[in-house]
file run_10.txt (compact mmCIF, C-alpha atoms and all ligand atoms)
# COMPACT_ATOMS: atom_id res chain seq x y z
CA MET A 85 193.50 112.35 131.54
CA THR A 86 195.71 111.84 128.50
CA CYS A 87 193.46 109.01 127.25
CA LEU A 88 190.74 111.55 126.59
CA SER A 89 192.95 113.66 124.37
CA LEU A 90 193.94 110.77 122.09
CA ASP A 91 191.92 110.84 118.88
CA CYS A 92 191.94 107.10 118.37
CA CYS A 93 191.02 106.21 121.93
CA GLU A 94 187.58 104.59 122.07
CA THR A 95 187.46 103.05 125.51
CA PHE A 96 190.05 102.85 128.22
CA HIS A 97 190.80 101.36 131.62
CA TRP A 98 191.73 103.67 134.46
CA ASN A 99 193.53 102.33 137.50
CA TYR A 100 192.59 104.75 140.24
CA VAL A 101 195.21 103.40 142.64
CA SER A 102 198.25 103.54 140.37
CA GLN A 103 196.73 106.52 138.47
CA HIS A 104 197.38 105.23 134.98
CA CYS A 105 195.24 104.08 132.11
CA THR A 106 195.28 101.48 129.34
CA LEU A 107 193.62 101.92 125.97
CA LEU A 108 191.05 99.43 124.80
CA THR A 109 189.60 98.82 121.39
CA THR A 110 186.86 96.43 122.39
CA ASP A 111 183.29 96.63 121.20
CA VAL A 112 181.93 97.08 124.71
CA TRP A 113 179.80 100.19 124.59
CA SER A 114 177.85 102.20 127.04
CA SER A 115 176.44 105.68 126.80
CA THR A 116 177.28 106.24 130.44
CA GLN A 117 180.81 106.98 131.57
CA THR A 118 181.54 104.06 133.86
CA VAL A 119 181.07 100.66 132.29
CA THR A 120 182.53 98.22 134.80
CA GLU A 121 184.67 98.26 137.87
CA ILE A 122 187.02 95.34 138.53
CA SER A 123 189.51 95.53 141.39
CA HIS A 124 191.17 98.94 141.03
CA TRP A 125 190.25 99.32 137.37
CA LYS A 126 187.37 101.27 135.91
CA SER A 127 186.39 101.07 132.24
CA TYR A 128 185.29 104.18 130.43
CA TYR A 129 183.67 104.85 127.11
CA LYS A 130 184.99 108.08 125.75
CA GLY A 131 181.99 109.12 123.64
CA CYS A 132 182.23 111.34 120.56
CA ASP A 133 184.82 114.09 120.19
CA SER A 134 183.49 117.60 119.74
CA GLY A 135 182.39 118.19 116.17
CA TRP A 136 181.12 114.61 115.89
CA LEU A 137 177.48 113.57 116.33
CA GLU A 138 176.51 110.35 118.10
CA PHE A 139 173.99 107.80 116.85
CA ASN A 140 173.74 104.25 118.23
CA TYR A 141 177.18 104.49 119.89
CA HIS A 142 178.81 105.51 116.61
CA CYS A 143 180.23 108.98 115.92
CA TYR A 144 179.69 110.82 112.63
CA LYS A 145 181.11 113.90 111.00
CA LEU A 146 180.35 115.66 107.73
CA VAL A 147 183.51 116.92 106.02
CA HIS A 148 182.80 119.86 103.76
CA GLY A 149 185.77 119.88 101.38
CA LYS A 150 184.81 118.28 98.04
CA ILE A 151 187.35 115.60 97.13
CA SER A 152 187.58 112.22 95.36
CA TRP A 153 186.34 109.05 97.06
CA ALA A 154 189.91 107.76 97.64
CA ASP A 155 190.99 111.05 99.22
CA ALA A 156 187.83 111.12 101.34
CA LYS A 157 188.57 107.58 102.57
CA LEU A 158 192.11 108.66 103.48
CA THR A 159 190.87 111.77 105.28
CA CYS A 160 188.50 109.71 107.44
CA GLU A 161 191.29 107.25 108.22
CA ARG A 162 193.57 110.07 109.35
CA ASN A 163 190.84 110.90 111.88
CA CYS A 164 190.76 107.30 113.14
CA ALA A 165 187.49 106.91 111.26
CA TYR A 166 186.17 105.43 108.01
CA LEU A 167 183.76 106.47 105.26
CA THR A 168 180.33 105.82 106.73
CA GLU A 169 178.87 102.32 106.39
CA ILE A 170 175.10 102.43 106.26
CA THR A 171 173.71 99.18 107.56
CA ASP A 172 170.01 99.85 108.04
CA VAL A 173 167.22 102.27 107.19
CA GLU A 174 167.40 103.94 110.62
CA GLU A 175 171.07 104.84 110.10
CA ASN A 176 170.34 105.99 106.53
CA ASP A 177 167.48 108.25 107.68
CA TRP A 178 169.47 109.62 110.60
CA ILE A 179 172.46 110.60 108.43
CA VAL A 180 170.20 112.39 105.94
CA GLU A 181 168.44 114.27 108.74
CA ALA A 182 171.60 115.06 110.69
CA PHE A 183 173.75 116.22 107.77
CA LEU A 184 172.26 116.35 104.28
CA ASP A 185 169.05 118.20 105.14
CA ASP A 186 171.07 121.16 106.41
CA ALA A 187 174.16 121.02 104.22
CA CYS A 188 172.38 120.49 100.89
CA SER A 189 170.78 123.31 98.98
CA THR A 190 169.78 121.22 95.97
CA ARG A 191 167.96 117.90 95.63
CA SER A 192 170.80 116.47 93.57
CA CYS A 193 173.34 117.12 96.36
CA GLN A 194 175.16 113.93 97.33
CA MET A 195 178.01 112.82 99.60
CA TRP A 196 180.42 109.90 99.62
CA CYS A 197 179.83 106.92 101.85
CA GLY A 198 182.04 103.82 102.10
CA GLY A 199 180.16 101.70 99.54
CA ASN A 200 182.04 100.60 96.42
CA ASP A 201 182.54 97.84 93.86
CA ILE A 202 186.23 98.60 93.21
CA GLU A 203 187.50 95.07 93.92
CA THR A 204 184.87 93.08 92.04
CA GLU A 205 182.59 94.72 89.49
CA ASP A 206 178.97 94.63 90.65
CA LEU A 207 179.80 93.23 94.10
CA PHE A 208 179.16 96.17 96.39
CA GLN A 209 180.87 96.20 99.74
CA TRP A 210 181.85 98.61 102.52
CA SER A 211 185.46 99.79 102.40
CA ASN A 212 186.30 99.54 106.09
CA SER A 213 184.58 96.32 107.20
CA LYS A 214 184.84 94.68 103.73
CA LEU A 215 181.31 93.41 104.32
CA THR A 216 179.03 92.90 101.33
CA MET A 217 176.09 95.31 101.52
CA SER A 218 173.03 93.80 103.14
CA PHE A 219 170.78 96.84 103.42
CA THR A 220 170.75 98.99 100.27
CA ASN A 221 168.73 102.02 99.20
CA TRP A 222 169.59 102.44 95.52
CA LYS A 223 168.01 105.11 93.39
CA PRO A 224 165.77 103.42 90.77
CA GLY A 225 167.95 101.99 87.96
CA GLN A 226 171.03 101.86 90.22
CA PRO A 227 173.64 100.51 90.75
CA ARG A 228 173.80 99.40 87.10
CA GLN A 229 173.34 102.05 84.46
CA LYS A 230 171.53 101.65 81.19
CA TYR A 231 174.81 100.88 79.45
CA SER A 232 176.90 98.34 81.29
CA GLU A 233 180.24 99.78 80.18
CA LYS A 234 179.29 102.89 82.14
CA ALA A 235 178.65 100.89 85.30
CA GLU A 236 182.12 99.37 85.01
CA ASN A 237 183.65 102.81 85.43
CA ARG A 238 181.40 103.80 88.28
CA ASP A 239 182.58 102.18 91.45
CA CYS A 240 181.84 104.51 94.37
CA VAL A 241 178.59 105.12 96.21
CA THR A 242 177.03 108.41 97.25
CA LEU A 243 174.12 109.16 99.53
CA SER A 244 171.72 111.77 98.13
CA ARG A 245 169.59 114.23 100.04
CA ASN A 246 166.48 112.11 99.42
CA GLY A 247 168.23 109.17 101.10
CA GLN A 248 168.83 107.20 97.92
CA TRP A 249 172.19 105.84 96.82
CA GLU A 250 173.96 106.30 93.53
CA ASN A 251 176.97 104.56 92.00
CA ILE A 252 179.22 107.19 90.36
CA LEU A 253 182.80 107.83 89.19
CA CYS A 254 185.19 107.67 92.17
CA THR A 255 187.23 110.59 90.82
CA LEU A 256 184.37 113.08 91.14
CA SER A 257 184.67 115.59 93.99
CA LYS A 258 182.09 115.28 96.76
CA ARG A 259 181.69 116.09 100.41
CA PHE A 260 181.67 113.01 102.64
CA ILE A 261 180.70 111.55 105.97
CA CYS A 262 183.15 109.85 108.31
CA GLU A 263 182.05 107.33 110.95
CA LYS A 264 183.95 106.15 114.02
CA HIS A 265 183.84 103.05 116.26
CA CA B 301 177.42 102.54 110.32
CA CA B 302 181.21 99.48 89.04
call {"tool": "encode", "arguments": {"input": "run_10.txt", "output": "structure tokens"}}
result
Amino acid sequence: MTCLSLDCCETFHWNYVSQHCTLLTTDVWSSTQTVTEISHWKSYYKGCDSGWLEFNYHCYKLVHGKISWADAKLTCERNCAYLTEITDVEENDWIVEAFLDDACSTRSCQMWCGGNDIETEDLFQWSNSKLTMSFTNWKPGQPRQKYSEKAENRDCVTLSRNGQWENILCTLSKRFICEKH
């Protein structure tokens, strides 16, 4: 089915009489293939593309090229995804275990996530949803540095191997994690 080969397709309707499908972008999720069946339509959840790992109906991918936060954001968007938004401790722990534990050889290794205070200094939000952070896991002393003028220049958030977050210069080059759905 062509729906399955479309990168941005999340869920779709398949009419098994007329043999055509319609893309959906609803938030109706199921880990099983068939969600509902109404008249001649069946709804499907596509699941994660190969190379992406699934957690709580979201798909994640570590991208290894080290680039700036803005370029990382753009790269995720080109894959119909966004820089990962970490909304609770379970998601934070899972990302560390799934990606950083293996990919990091040093304790100081860190990767971009979607957190930033680019729009308003000291107001940290997620780039895709624009939501203000509720759950946070800052490294002690973060997100403000000892000298406030330093904090003003540091607007982008990384996740470190130990699970803690750090607010650093957005122009630094880091690997990053994209999230979908
Ligand atoms: Ca998330
Ligand atoms: Ca800042």
call {"tool": "atom_distance", "arguments": {"input": "run_10.txt", "atom1": "CA of Lys258 in chain A", "atom2": "CA of Ile151 in chain A"}}
result
5.3 Å
call {"tool": "residues_around", "arguments": {"input": "run_10.txt", "residues": "range 198-202 of chain A", "least_positions_apart": "6", "cutoff": "7 Å", "atoms": "only C-alpha atoms", "output": "PDB file with C-alpha atoms, in the frame of the given file"}}
result
ATOM      1  CA  LEU A 167     183.760 106.470 105.260  1.00  0.00           C
ATOM      2  CA  THR A 168     180.330 105.820 106.730  1.00  0.00           C
ATOM      3  CA  GLU A 169     178.870 102.320 106.390  1.00  0.00           C
ATOM      4  CA  PHE A 208     179.160  96.170  96.390  1.00  0.00           C
ATOM      5  CA  GLN A 209     180.870  96.200  99.740  1.00  0.00           C
ATOM      6  CA  TRP A 210     181.850  98.610 102.520  1.00  0.00           C
ATOM      7  CA  SER A 211     185.460  99.790 102.400  1.00  0.00           C
ATOM      8  CA  ASP A 239     182.580 102.180  91.450  1.00  0.00           C
ATOM      9  CA  CYS A 240     181.840 104.510  94.370  1.00  0.00           C
ATOM     10  CA  VAL A 241     178.590 105.120  96.210  1.00  0.00           C
TER      11      VAL A 241
END
call {"tool": "residues_near_ligand", "arguments": {"input": "run_10.txt", "ligand": "ligand CA 302 (chain B)", "cutoff": "9 Å", "atoms": "all atoms listed in the file", "output": "PyMOL selection string"}}
result
chain A and resi 200-202+204-208+227-228+232-240+251-253
call {"tool": "atom_distance", "arguments": {"input": "run_10.txt", "atom1": "CA of Asn221 in chain A", "atom2": "CA of Ile179 in chain A"}}
result
13.1 Å
call {"tool": "residues_near_point", "arguments": {"input": "run_10.txt", "point": "(191.3, 101.5, 141.7)", "cutoff": "8 Å", "atoms": "all atoms listed in the file", "output": "ChimeraX atom specification"}}
result
/A:98-102,123-126
call {"tool": "residues_near_ligand", "arguments": {"input": "run_10.txt", "ligand": "ligand CA 301 (chain B)", "cutoff": "8 Å", "atoms": "only C-alpha atoms and all ligand atoms", "output": "list in words"}}
result
His142, Thr168, Glu169, Ile170, Thr171, Glu175 and Glu263 of chain A
call {"tool": "atom_distance", "arguments": {"input": "run_10.txt", "atom1": "CA of His97 in chain A", "atom2": "CA of Glu161 in chain A"}}
result
24.1 Å
call {"tool": "closest_residue", "arguments": {"input": "run_10.txt", "among": "A:Cys197, A:Leu215, A:Leu184, A:Cys105", "to": "Tyr128 in chain A", "atoms": "only C-alpha atoms"}}
result
A:Cys105
call {"tool": "build_atoms", "arguments": {"input": "run_10.txt", "residues": "range 159-181 of chain A", "atoms": "N, CA and C atoms", "output": "PDB file, keeping the file's coordinate frame"}}
result
ATOM      1  N   THR A 159     191.120 110.704 104.294  1.00  0.00           N
ATOM      2  CA  THR A 159     190.870 111.770 105.280  1.00  0.00           C
ATOM      3  C   THR A 159     190.168 111.203 106.517  1.00  0.00           C
ATOM      4  N   CYS A 160     189.182 110.340 106.301  1.00  0.00           N
ATOM      5  CA  CYS A 160     188.500 109.710 107.440  1.00  0.00           C
ATOM      6  C   CYS A 160     189.497 108.885 108.236  1.00  0.00           C
ATOM      7  N   GLU A 161     190.330 108.123 107.545  1.00  0.00           N
ATOM      8  CA  GLU A 161     191.290 107.250 108.220  1.00  0.00           C
ATOM      9  C   GLU A 161     192.288 108.036 109.064  1.00  0.00           C
ATOM     10  N   ARG A 162     192.648 109.220 108.586  1.00  0.00           N
ATOM     11  CA  ARG A 162     193.570 110.070 109.350  1.00  0.00           C
ATOM     12  C   ARG A 162     192.906 110.574 110.632  1.00  0.00           C
ATOM     13  N   ASN A 163     191.575 110.509 110.675  1.00  0.00           N
ATOM     14  CA  ASN A 163     190.840 110.900 111.880  1.00  0.00           C
ATOM     15  C   ASN A 163     190.384 109.673 112.674  1.00  0.00           C
ATOM     16  N   CYS A 164     191.103 108.555 112.457  1.00  0.00           N
ATOM     17  CA  CYS A 164     190.760 107.300 113.140  1.00  0.00           C
ATOM     18  C   CYS A 164     189.328 106.887 112.837  1.00  0.00           C
ATOM     19  N   ALA A 165     188.868 107.212 111.645  1.00  0.00           N
ATOM     20  CA  ALA A 165     187.490 106.910 111.260  1.00  0.00           C
ATOM     21  C   ALA A 165     187.477 106.248 109.884  1.00  0.00           C
ATOM     22  N   TYR A 166     186.302 106.042 109.343  1.00  0.00           N
ATOM     23  CA  TYR A 166     186.170 105.430 108.010  1.00  0.00           C
ATOM     24  C   TYR A 166     184.974 106.070 107.318  1.00  0.00           C
ATOM     25  N   LEU A 167     184.928 105.970 105.987  1.00  0.00           N
ATOM     26  CA  LEU A 167     183.760 106.470 105.260  1.00  0.00           C
ATOM     27  C   LEU A 167     182.539 105.712 105.756  1.00  0.00           C
ATOM     28  N   THR A 168     181.466 106.425 106.032  1.00  0.00           N
ATOM     29  CA  THR A 168     180.330 105.820 106.730  1.00  0.00           C
ATOM     30  C   THR A 168     179.793 104.568 106.040  1.00  0.00           C
ATOM     31  N   GLU A 169     179.448 103.580 106.854  1.00  0.00           N
ATOM     32  CA  GLU A 169     178.870 102.320 106.390  1.00  0.00           C
ATOM     33  C   GLU A 169     177.432 102.294 106.862  1.00  0.00           C
ATOM     34  N   ILE A 170     176.517 102.296 105.911  1.00  0.00           N
ATOM     35  CA  ILE A 170     175.100 102.430 106.260  1.00  0.00           C
ATOM     36  C   ILE A 170     174.452 101.050 106.270  1.00  0.00           C
ATOM     37  N   THR A 171     174.131 100.572 107.458  1.00  0.00           N
ATOM     38  CA  THR A 171     173.710  99.180 107.560  1.00  0.00           C
ATOM     39  C   THR A 171     172.212  98.974 107.748  1.00  0.00           C
ATOM     40  N   ASP A 172     171.470 100.022 107.990  1.00  0.00           N
ATOM     41  CA  ASP A 172     170.010  99.850 108.040  1.00  0.00           C
ATOM     42  C   ASP A 172     169.302 101.177 107.741  1.00  0.00           C
ATOM     43  N   VAL A 173     167.994 101.091 107.596  1.00  0.00           N
ATOM     44  CA  VAL A 173     167.220 102.270 107.190  1.00  0.00           C
ATOM     45  C   VAL A 173     167.258 103.355 108.269  1.00  0.00           C
ATOM     46  N   GLU A 174     167.355 102.959 109.531  1.00  0.00           N
ATOM     47  CA  GLU A 174     167.400 103.940 110.620  1.00  0.00           C
ATOM     48  C   GLU A 174     168.667 104.795 110.499  1.00  0.00           C
ATOM     49  N   GLU A 175     169.805 104.112 110.234  1.00  0.00           N
ATOM     50  CA  GLU A 175     171.070 104.840 110.100  1.00  0.00           C
ATOM     51  C   GLU A 175     171.019 105.739 108.853  1.00  0.00           C
ATOM     52  N   ASN A 176     170.460 105.218 107.768  1.00  0.00           N
ATOM     53  CA  ASN A 176     170.340 105.990 106.530  1.00  0.00           C
ATOM     54  C   ASN A 176     169.521 107.270 106.771  1.00  0.00           C
ATOM     55  N   ASP A 177     168.360 107.103 107.411  1.00  0.00           N
ATOM     56  CA  ASP A 177     167.480 108.250 107.680  1.00  0.00           C
ATOM     57  C   ASP A 177     168.149 109.251 108.614  1.00  0.00           C
ATOM     58  N   TRP A 178     168.840 108.729 109.625  1.00  0.00           N
ATOM     59  CA  TRP A 178     169.470 109.620 110.600  1.00  0.00           C
ATOM     60  C   TRP A 178     170.561 110.468 109.944  1.00  0.00           C
ATOM     61  N   ILE A 179     171.379 109.864 109.089  1.00  0.00           N
ATOM     62  CA  ILE A 179     172.460 110.600 108.430  1.00  0.00           C
ATOM     63  C   ILE A 179     171.892 111.712 107.529  1.00  0.00           C
ATOM     64  N   VAL A 180     170.825 111.387 106.802  1.00  0.00           N
ATOM     65  CA  VAL A 180     170.200 112.390 105.940  1.00  0.00           C
ATOM     66  C   VAL A 180     169.698 113.560 106.781  1.00  0.00           C
ATOM     67  N   GLU A 181     169.010 113.233 107.875  1.00  0.00           N
ATOM     68  CA  GLU A 181     168.440 114.270 108.740  1.00  0.00           C
ATOM     69  C   GLU A 181     169.529 115.085 109.438  1.00  0.00           C
TER      70      GLU A 181
END
